[in-house]
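Asker: The file below is data-v5.txt, compact mmCIF, C-alpha atoms:
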```txt
# COMPACT_ATOMS: atom_id res chain seq x y z
CA MET D 202 -25.62 -16.73 7.25
CA ILE D 203 -22.17 -15.26 7.65
CA GLY D 204 -21.66 -12.17 5.52
CA LEU D 205 -19.11 -9.45 5.04
CA ALA D 206 -20.29 -7.55 8.15
CA HIS D 207 -19.41 -10.49 10.42
CA TYR D 208 -15.85 -10.56 9.12
CA LEU D 209 -15.51 -6.81 9.53
CA ILE D 210 -16.84 -6.93 13.11
CA LEU D 211 -14.41 -9.76 13.94
CA THR D 212 -11.54 -7.70 12.61
CA SER D 213 -12.61 -4.57 14.47
CA LEU D 214 -12.69 -6.60 17.70
CA LEU D 215 -9.21 -7.94 16.95
CA PHE D 216 -8.01 -4.41 16.16
CA GLY D 217 -9.53 -3.13 19.41
CA ILE D 218 -7.75 -5.81 21.44
CA GLY D 219 -4.51 -4.87 19.69
CA ILE D 220 -4.92 -1.15 20.33
CA PHE D 221 -5.71 -1.84 24.00
CA GLY D 222 -2.46 -3.81 24.25
CA VAL D 223 -0.46 -1.06 22.56
CA LEU D 224 -1.82 1.63 24.89
CA SER D 225 -1.68 -0.20 28.20
CA LYS D 226 1.21 -2.68 28.25
CA ARG D 227 4.51 -1.93 29.94
CA ASN D 228 6.78 -4.33 28.07
CA ALA D 229 8.13 -3.15 24.70
CA ILE D 230 7.90 -6.64 23.17
CA ALA D 231 4.27 -6.95 24.30
CA VAL D 232 3.55 -3.69 22.47
CA LEU D 233 5.16 -5.09 19.31
CA MET D 234 3.01 -8.24 19.62
CA SER D 235 -0.12 -6.09 19.92
CA VAL D 236 0.90 -4.21 16.76
CA GLU D 237 1.07 -7.60 15.02
CA LEU D 238 -2.51 -8.29 16.15
CA MET D 239 -3.64 -5.01 14.59
CA LEU D 240 -1.85 -5.76 11.29
CA ASN D 241 -3.48 -9.20 11.18
CA ALA D 242 -6.90 -7.62 11.63
CA VAL D 243 -6.25 -5.26 8.72
CA ASN D 244 -5.14 -8.19 6.55
CA ILE D 245 -8.34 -10.14 7.19
CA ASN D 246 -10.25 -6.99 6.23
CA PHE D 247 -8.49 -6.77 2.86
CA VAL D 248 -9.06 -10.42 2.01
CA ALA D 249 -12.70 -10.43 3.19
CA VAL D 250 -13.62 -7.27 1.28
CA GLU D 251 -12.00 -8.67 -1.84
CA LYS D 252 -13.96 -11.91 -1.55
CA PHE D 253 -17.32 -10.24 -1.07
CA VAL D 254 -17.10 -6.99 -3.06
CA THR D 255 -14.70 -7.63 -5.95
CA PRO D 256 -14.34 -11.41 -6.20
CA GLY D 257 -11.83 -12.80 -8.65
CA THR D 258 -9.60 -9.73 -8.95
CA GLY D 259 -6.93 -10.80 -6.45
CA LEU D 260 -6.27 -7.19 -5.43
CA GLY D 261 -7.07 -7.61 -1.74
CA GLN D 262 -4.84 -10.66 -1.44
CA MET D 263 -2.02 -8.76 -3.13
CA ILE D 264 -2.29 -5.87 -0.68
CA ALA D 265 -2.43 -8.34 2.21
CA LEU D 266 0.82 -9.80 0.91
CA PHE D 267 2.45 -6.35 0.91
CA VAL D 268 1.21 -5.77 4.47
CA ILE D 269 2.80 -9.06 5.53
CA VAL D 270 6.11 -7.95 3.97
CA VAL D 271 6.01 -4.61 5.80
CA ALA D 272 5.04 -6.35 9.06
CA ALA D 273 7.99 -8.70 8.79
CA ALA D 274 10.36 -5.78 8.22
CA GLU D 275 8.74 -3.83 11.08
CA VAL D 276 9.05 -6.64 13.62
CA ALA D 277 12.68 -7.32 12.67
CA VAL D 278 13.71 -3.68 13.09
CA GLY D 279 11.55 -3.27 16.21
CA LEU D 280 13.05 -6.25 17.99
CA ALA D 281 16.55 -5.14 17.03
CA LEU D 282 15.77 -1.74 18.58
CA VAL D 283 14.47 -3.41 21.76
CA ILE D 284 17.63 -5.52 22.06
CA SER D 285 19.80 -2.47 21.41
CA ILE D 286 17.99 -0.42 24.07
CA TYR D 287 18.13 -3.33 26.52
CA ARG D 288 21.91 -3.39 26.13
CA HIS D 289 22.13 0.25 27.23
CA LYS D 290 19.40 0.49 29.88
CA LYS D 291 19.09 -3.15 31.09
CA SER D 292 15.32 -2.87 30.84
CA VAL D 293 12.47 -3.41 28.39
CA ASN D 294 10.02 -1.38 30.45
CA LEU D 295 8.61 1.40 28.28
CA ASN D 296 8.52 3.79 31.25
CA ASP D 297 12.31 3.65 31.36
CA PHE D 298 12.66 4.73 27.74
CA ASN D 299 12.62 8.48 28.34
CA LEU D 300 15.80 9.65 26.63
CA LEU D 301 13.92 12.19 24.55
CA LYS D 302 11.78 13.47 27.42
CA TRP D 303 12.73 16.73 29.03
CA MET O 224 -26.38 -22.68 9.15
CA SER O 225 -23.92 -24.23 6.77
CA LEU O 226 -20.67 -25.94 7.66
CA ASN O 227 -18.70 -22.98 6.33
CA ASP O 228 -20.46 -20.63 8.77
CA MET O 229 -19.78 -22.92 11.72
CA VAL O 230 -16.11 -23.12 10.75
CA PHE O 231 -15.99 -19.32 10.70
CA ILE O 232 -17.62 -19.05 14.12
CA VAL O 233 -15.24 -21.57 15.69
CA LEU O 234 -12.18 -19.91 14.13
CA ALA O 235 -13.36 -16.45 15.17
CA ILE O 236 -13.86 -17.55 18.79
CA ILE O 237 -10.41 -19.22 18.88
CA THR O 238 -8.75 -16.14 17.36
CA LEU O 239 -10.42 -13.66 19.70
CA LEU O 240 -9.74 -15.72 22.86
CA ALA O 241 -6.10 -16.16 21.85
CA ALA O 242 -5.80 -12.41 21.17
CA LEU O 243 -7.22 -11.71 24.63
CA GLY O 244 -4.67 -14.15 26.01
CA VAL O 245 -1.88 -12.17 24.32
CA VAL O 246 -2.98 -8.97 26.03
CA LEU O 247 -4.07 -10.31 29.42
CA SER O 248 -1.56 -13.00 30.37
CA ARG O 249 1.08 -11.95 32.89
CA ASN O 250 3.82 -14.19 31.56
CA ILE O 251 5.22 -12.94 28.26
CA MET O 252 6.15 -16.46 27.15
CA HIS O 253 2.50 -17.48 27.43
CA ALA O 254 1.55 -14.30 25.60
CA SER O 255 3.86 -15.15 22.70
CA LEU O 256 2.47 -18.69 22.47
CA PHE O 257 -1.06 -17.23 22.45
CA LEU O 258 0.17 -14.98 19.63
CA VAL O 259 1.13 -18.08 17.60
CA LEU O 260 -2.38 -19.47 18.20
CA THR O 261 -3.86 -16.16 17.01
CA PHE O 262 -1.77 -16.31 13.82
CA LEU O 263 -2.92 -19.87 13.15
CA GLY O 264 -6.55 -18.86 13.71
CA VAL O 265 -6.15 -15.98 11.27
CA ALA O 266 -4.60 -18.40 8.77
CA GLY O 267 -7.67 -20.62 9.18
CA ILE O 268 -9.89 -17.63 8.44
CA TYR O 269 -7.89 -17.01 5.23
CA PHE O 270 -8.45 -20.63 4.19
CA GLN O 271 -12.14 -20.25 4.98
CA LEU O 272 -12.18 -17.09 2.79
CA ASN O 273 -10.86 -19.05 -0.25
CA ALA O 274 -7.47 -17.33 0.01
CA GLY O 275 -5.26 -20.37 0.33
CA PHE O 276 -2.00 -18.76 -0.73
CA ILE O 277 -2.31 -15.94 1.81
CA GLY O 278 -3.11 -18.55 4.47
CA LEU O 279 0.06 -20.45 3.63
CA VAL O 280 2.11 -17.23 3.67
CA GLN O 281 0.54 -16.37 7.03
CA ILE O 282 1.58 -19.74 8.49
CA MET O 283 5.10 -19.50 7.07
CA VAL O 284 5.87 -15.84 7.79
CA TYR O 285 3.85 -15.13 10.93
CA ALA O 286 3.45 -18.46 12.72
CA GLY O 287 6.86 -19.62 11.57
CA ALA O 288 9.32 -16.76 11.27
CA ILE O 289 7.95 -13.81 13.24
CA SER O 290 6.93 -15.89 16.27
CA VAL O 291 10.38 -17.52 16.41
CA LEU O 292 11.96 -14.06 16.20
CA ILE O 293 9.75 -12.77 19.04
CA ILE O 294 10.38 -15.79 21.27
CA PHE O 295 14.13 -15.58 20.73
CA SER O 296 14.28 -11.90 21.57
CA ILE O 297 12.14 -12.51 24.68
CA MET O 298 14.74 -15.05 25.79
CA LEU O 299 17.50 -12.52 25.11
CA VAL O 300 16.07 -9.61 27.08
CA MET O 301 14.24 -11.12 30.05
CA ASP O 302 16.09 -11.12 33.36
CA VAL O 303 13.27 -10.55 35.85
CA GLU O 304 10.86 -13.10 37.32
CA ILE O 305 8.96 -14.65 34.41
CA GLY O 306 5.50 -14.27 35.98
CA LYS O 307 5.89 -10.49 36.07
CA THR O 308 7.19 -9.92 32.55
CA ASN O 309 3.99 -8.82 30.86
CA LEU O 310 2.30 -6.51 33.34
CA PHE O 311 0.06 -3.56 32.58
CA ASN O 312 1.29 -0.02 32.96
CA GLN O 313 1.39 1.10 36.61
CA SER O 314 -0.52 4.31 36.06
CA VAL O 315 -4.26 3.70 36.17
CA PRO O 316 -5.11 6.65 33.82
CA THR O 317 -3.03 4.99 31.09
CA ILE O 318 -4.98 1.75 31.38
CA LEU O 319 -8.28 3.64 31.49
CA THR O 320 -7.26 5.54 28.36
CA GLY O 321 -6.49 2.25 26.65
CA VAL O 322 -9.86 0.75 27.64
CA TYR O 323 -11.68 3.93 26.61
CA VAL O 324 -10.01 4.27 23.21
CA SER O 325 -10.39 0.59 22.30
CA VAL O 326 -14.02 0.31 23.44
CA LEU O 327 -14.92 3.54 21.64
CA LEU O 328 -13.17 2.36 18.48
CA VAL O 329 -14.81 -1.08 18.51
CA CYS O 330 -18.29 0.32 19.21
CA GLY O 331 -17.97 3.00 16.55
CA LEU O 332 -16.60 0.62 13.93
CA ALA O 333 -19.13 -2.13 14.71
CA GLY O 334 -22.03 0.32 14.50
CA ALA O 335 -20.77 1.78 11.24
CA ILE O 336 -20.17 -1.68 9.75
CA TRP O 337 -23.54 -3.05 10.82
CA PHE O 338 -25.59 -0.18 9.39
CA THR O 339 -23.70 0.21 6.10
CA LYS O 340 -25.16 -1.28 2.94
CA TRP O 341 -22.16 -3.15 1.52
CA PRO O 342 -22.08 -3.46 -2.29
CA VAL O 343 -21.78 -7.24 -2.11
CA SER O 344 -21.11 -8.82 -5.47
CA SER O 345 -23.27 -11.77 -6.52
CA ILE O 346 -20.40 -13.58 -8.24
CA GLN O 347 -19.29 -16.64 -6.33
CA ALA O 348 -15.60 -16.37 -5.49
CA VAL O 349 -13.30 -19.25 -6.37
CA ASP O 350 -9.71 -19.70 -5.29
CA GLN O 351 -7.58 -19.16 -8.39
CA GLY O 352 -4.51 -20.16 -6.49
CA VAL O 353 -1.39 -18.15 -7.01
CA GLU O 354 -1.78 -17.45 -10.75
CA LYS O 355 -3.88 -14.31 -10.45
CA LEU O 356 -1.63 -12.97 -7.70
CA ALA O 357 1.52 -13.63 -9.72
CA GLY O 358 0.00 -11.90 -12.75
CA LEU O 359 -0.74 -8.82 -10.64
CA LEU O 360 2.59 -8.77 -8.82
CA LEU O 361 4.72 -9.15 -11.93
CA GLY O 362 2.38 -7.14 -14.18
CA PRO O 363 0.78 -3.81 -13.19
CA TYR O 364 2.25 -3.75 -9.68
CA VAL O 365 5.81 -4.79 -10.45
CA VAL O 366 7.26 -1.52 -9.09
CA SER O 367 5.65 -2.05 -5.67
CA PHE O 368 6.92 -5.62 -5.73
CA GLU O 369 10.50 -4.48 -6.28
CA VAL O 370 10.14 -1.75 -3.65
CA ALA O 371 8.99 -4.42 -1.19
CA ALA O 372 12.10 -6.43 -2.00
CA ILE O 373 14.31 -3.39 -1.37
CA LEU O 374 12.41 -2.69 1.87
CA LEU O 375 13.15 -6.21 3.11
CA LEU O 376 16.83 -5.83 2.23
CA VAL O 377 17.07 -2.48 4.06
CA ALA O 378 15.22 -3.94 7.06
CA VAL O 379 17.65 -6.85 7.27
CA PHE O 380 20.66 -4.50 7.16
CA GLY O 381 19.07 -2.14 9.67
CA ALA O 382 18.19 -4.95 12.08
CA ILE O 383 21.73 -6.35 11.94
CA ILE O 384 23.34 -2.95 12.50
CA LEU O 385 20.94 -2.02 15.32
CA ALA O 386 21.27 -5.33 17.15
CA LYS O 387 25.04 -5.59 16.72
CA GLY O 388 25.70 -2.05 17.92
CA VAL O 389 28.19 0.45 16.58
CA GLU O 390 31.70 -0.08 17.89
CA ASP O 391 33.42 2.94 19.41
CA LYS O 392 36.62 3.90 17.70
```
Show how you would write the structure in this file as structure tokens.

Answerer:
Amino acid sequence: MIGLAHYLILTSLLFGIGIFGVLSKRNAIAVLMSVELMLNAVNINFVAVEKFVTPGTGLGQMIALFVIVVAAAEVAVGLALVISIYRHKKSVNLNDFNLLKW
Amino acid sequence: MSLNDMVFIVLAIITLLAALGVVLSRNIMHASLFLVLTFLGVAGIYFQLNAGFIGLVQIMVYAGAISVLIIFSIMLVMDVEIGKTNLFNQSVPTILTGVYVSVLLVCGLAGAIWFTKWPVSSIQAVDQGVEKLAGLLLGPYVVSFEVAAILLLVAVFGAIILAKGVEDK
């Protein structure tokens, strides 16, 4: 029988995969894609907890909707930043982005 | 094991394998297509959780809009050999840190989740469609709703200005 714990373990695995991608990839767009994985994991958490703990309130789905809005804004601004940096440095390798390093 | 449980298991396996494909594939175009598959798997999990509206929003916003945005910007910024576009960081300590942090996080979270007594409600959930959500969004949470609208507007302006670049006078 699938319960709340199975959903939460699935989402923690998804979040772990995302955080591994964020910490170990070299391409800026790959890091943004891993951040999307993490946000998706959080969204499943909200919807699953709402279904099992407070069914019928709609609160978890509403917060998931807000997270989707913020994720859309985040990926638009992030990709614009990547394109803007690429125009200056001709690279999307994160090791080359060291303007603020001394 | 009911049909619903089997659907969950199949969707979970698809989602996790596609997420691993995003992180492990060496070609970033393959990674982005795996990302679309992950989004669709997550949408299936929403449908399986009786959250049909969120599933539809997931398909439209993530699998539709965000993946197209990512694929287009990959095409704009890639000028090296395509098989080497999604490599891991060269420094081994960085990769080891990533493995360490993610494994520690997953083990800690899974242990905590498994041994917690969740206050599971006995009421059977039904999908009320979009009515309940609309009542919340335009009722008690209308301020957050408007702030989200303003956030999207600001993000659109910011993205245009950042991508277009400021012209030197």

Asker: With the cut-off set at 7 Å and counting all atoms listed in the file, tabulate each residue of chain D with an atom at most that distance from an atom of chain O, showing the nearest atom pair and its distance in Å to one decimal, ordered by chain and increasing number, as a Markdown table.

Answerer:
```
| residue | atom | partner | partner_atom | distance |
| --- | --- | --- | --- | --- |
| D:Met202 | CA | O:Met224 | CA | 6.3 |
| D:Ile203 | CA | O:Asp228 | CA | 5.7 |
| D:Ala206 | CA | O:Ile336 | CA | 6.1 |
| D:Leu209 | CA | O:Ile336 | CA | 6.9 |
| D:Ile210 | CA | O:Ala333 | CA | 5.6 |
| D:Leu211 | CA | O:Ala235 | CA | 6.9 |
| D:Ser213 | CA | O:Val329 | CA | 5.8 |
| D:Leu214 | CA | O:Val329 | CA | 6.0 |
| D:Leu215 | CA | O:Leu239 | CA | 6.5 |
| D:Gly217 | CA | O:Ser325 | CA | 4.8 |
| D:Ile218 | CA | O:Leu243 | CA | 6.7 |
| D:Ile220 | CA | O:Ser325 | CA | 6.1 |
| D:Phe221 | CA | O:Gly321 | CA | 4.9 |
| D:Gly222 | CA | O:Val246 | CA | 5.5 |
| D:Leu224 | CA | O:Gly321 | CA | 5.0 |
| D:Ser225 | CA | O:Ile318 | CA | 5.0 |
| D:Lys226 | CA | O:Phe311 | CA | 4.6 |
| D:Arg227 | CA | O:Asn312 | CA | 4.8 |
| D:Asn228 | CA | O:Asn309 | CA | 6.0 |
| D:Ala231 | CA | O:Asn309 | CA | 6.8 |
| D:Ala249 | CA | O:Leu272 | CA | 6.7 |
| D:Lys252 | CA | O:Ala348 | CA | 6.2 |
| D:Phe253 | CA | O:Val343 | CA | 5.5 |
| D:Val254 | CA | O:Val343 | CA | 4.8 |
| D:Thr255 | CA | O:Ser344 | CA | 6.5 |
| D:Pro256 | CA | O:Ala348 | CA | 5.2 |
| D:Gly257 | CA | O:Ala348 | CA | 6.1 |
| D:Gly259 | CA | O:Leu356 | CA | 5.9 |
| D:Gln262 | CA | O:Ile277 | CA | 6.7 |
| D:Met263 | CA | O:Leu356 | CA | 6.2 |
| D:Leu266 | CA | O:Ile277 | CA | 7.0 |
| D:Val270 | CA | O:Ala371 | CA | 6.9 |
| D:Ala273 | CA | O:Ile289 | CA | 6.8 |
| D:Ala274 | CA | O:Ala378 | CA | 5.3 |
| D:Ala277 | CA | O:Ala382 | CA | 6.0 |
| D:Val278 | CA | O:Ala382 | CA | 4.8 |
| D:Leu280 | CA | O:Ser296 | CA | 6.8 |
| D:Ala281 | CA | O:Ala386 | CA | 4.7 |
| D:Leu282 | CA | O:Leu385 | CA | 6.1 |
| D:Ile284 | CA | O:Ala386 | CA | 6.1 |
| D:Ser285 | CA | O:Ala386 | CA | 5.3 |
| D:Tyr287 | CA | O:Val300 | CA | 6.6 |
```

Asker: Tell me, in Å to one decimal, how far atom CA of Ile237 of chain O is from atom CA of Leu260 of chain O.

Answerer: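 Interatomic distance, atom CA of Ile237 of chain O to atom CA of Leu260 of chain O: 8.1 Å.
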
Asker: Under the rule that only C-alpha atoms are counted, which of O:Ile305, O:Leu263, O:Met283, O:Val291 is the nearest residue to Val276 of chain D?

Answerer: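 So, comparing all the options, the nearest one is O:Val291.
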
Asker: Calculate, to one decimal in Å, the centre and edge lengths of the box along x, y and z of the file that holds all listed atoms of segment 230-241 of chain O with 3 Å of margin on each side, and present them as JSON.

Answerer:
```
{"center_x": -11.9, "center_y": -18.4, "center_z": 16.8, "size_x": 17.5, "size_y": 15.5, "size_z": 18.2}
```

Asker: What's the 9 Å shell around Asn241 of chain D, counting all atoms listed in the file, without same-chain residues fewer than 2 positions away, as a list in words?

Answerer: Thr212, Leu215, Phe216, Val236, Glu237, Leu238, Met239, Val243, Asn244, Ile245, Asn246, Val268 and Ile269 of chain D; Phe262 and Val265 of chain O

Asker: At what distance in Å, to one decimal, does atom CA of Leu295 of chain D lie from atom CA of Leu233 of chain D?

Answerer: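 A separation of 11.6 Å between them.
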
Asker: For a test of reading the model, state the distance in Å between atom CA of Met234 of chain D and atom CA of Phe257 of chain O, rounded to one decimal.

Answerer: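 Value for the atom CA of Met234 of chain D-atom CA of Phe257 of chain O distance: 10.3 Å.
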
Asker: Could you check the closest approach to Arg249 of chain O for each of O:Met298, O:Gly306, O:Gly362, O:Gly267 and tell me which residue wins, using all atoms listed in the file?

Answerer: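 Closest candidate: O:Gly306.
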
Asker: Between D:Leu240, D:Tyr208, D:Lys290, D:Asp297, single out the one closest to Val271 of chain D, counting all atoms listed in the file.

Answerer: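 Of the candidates, the smallest distance to Val271 of chain D is held by D:Leu240.
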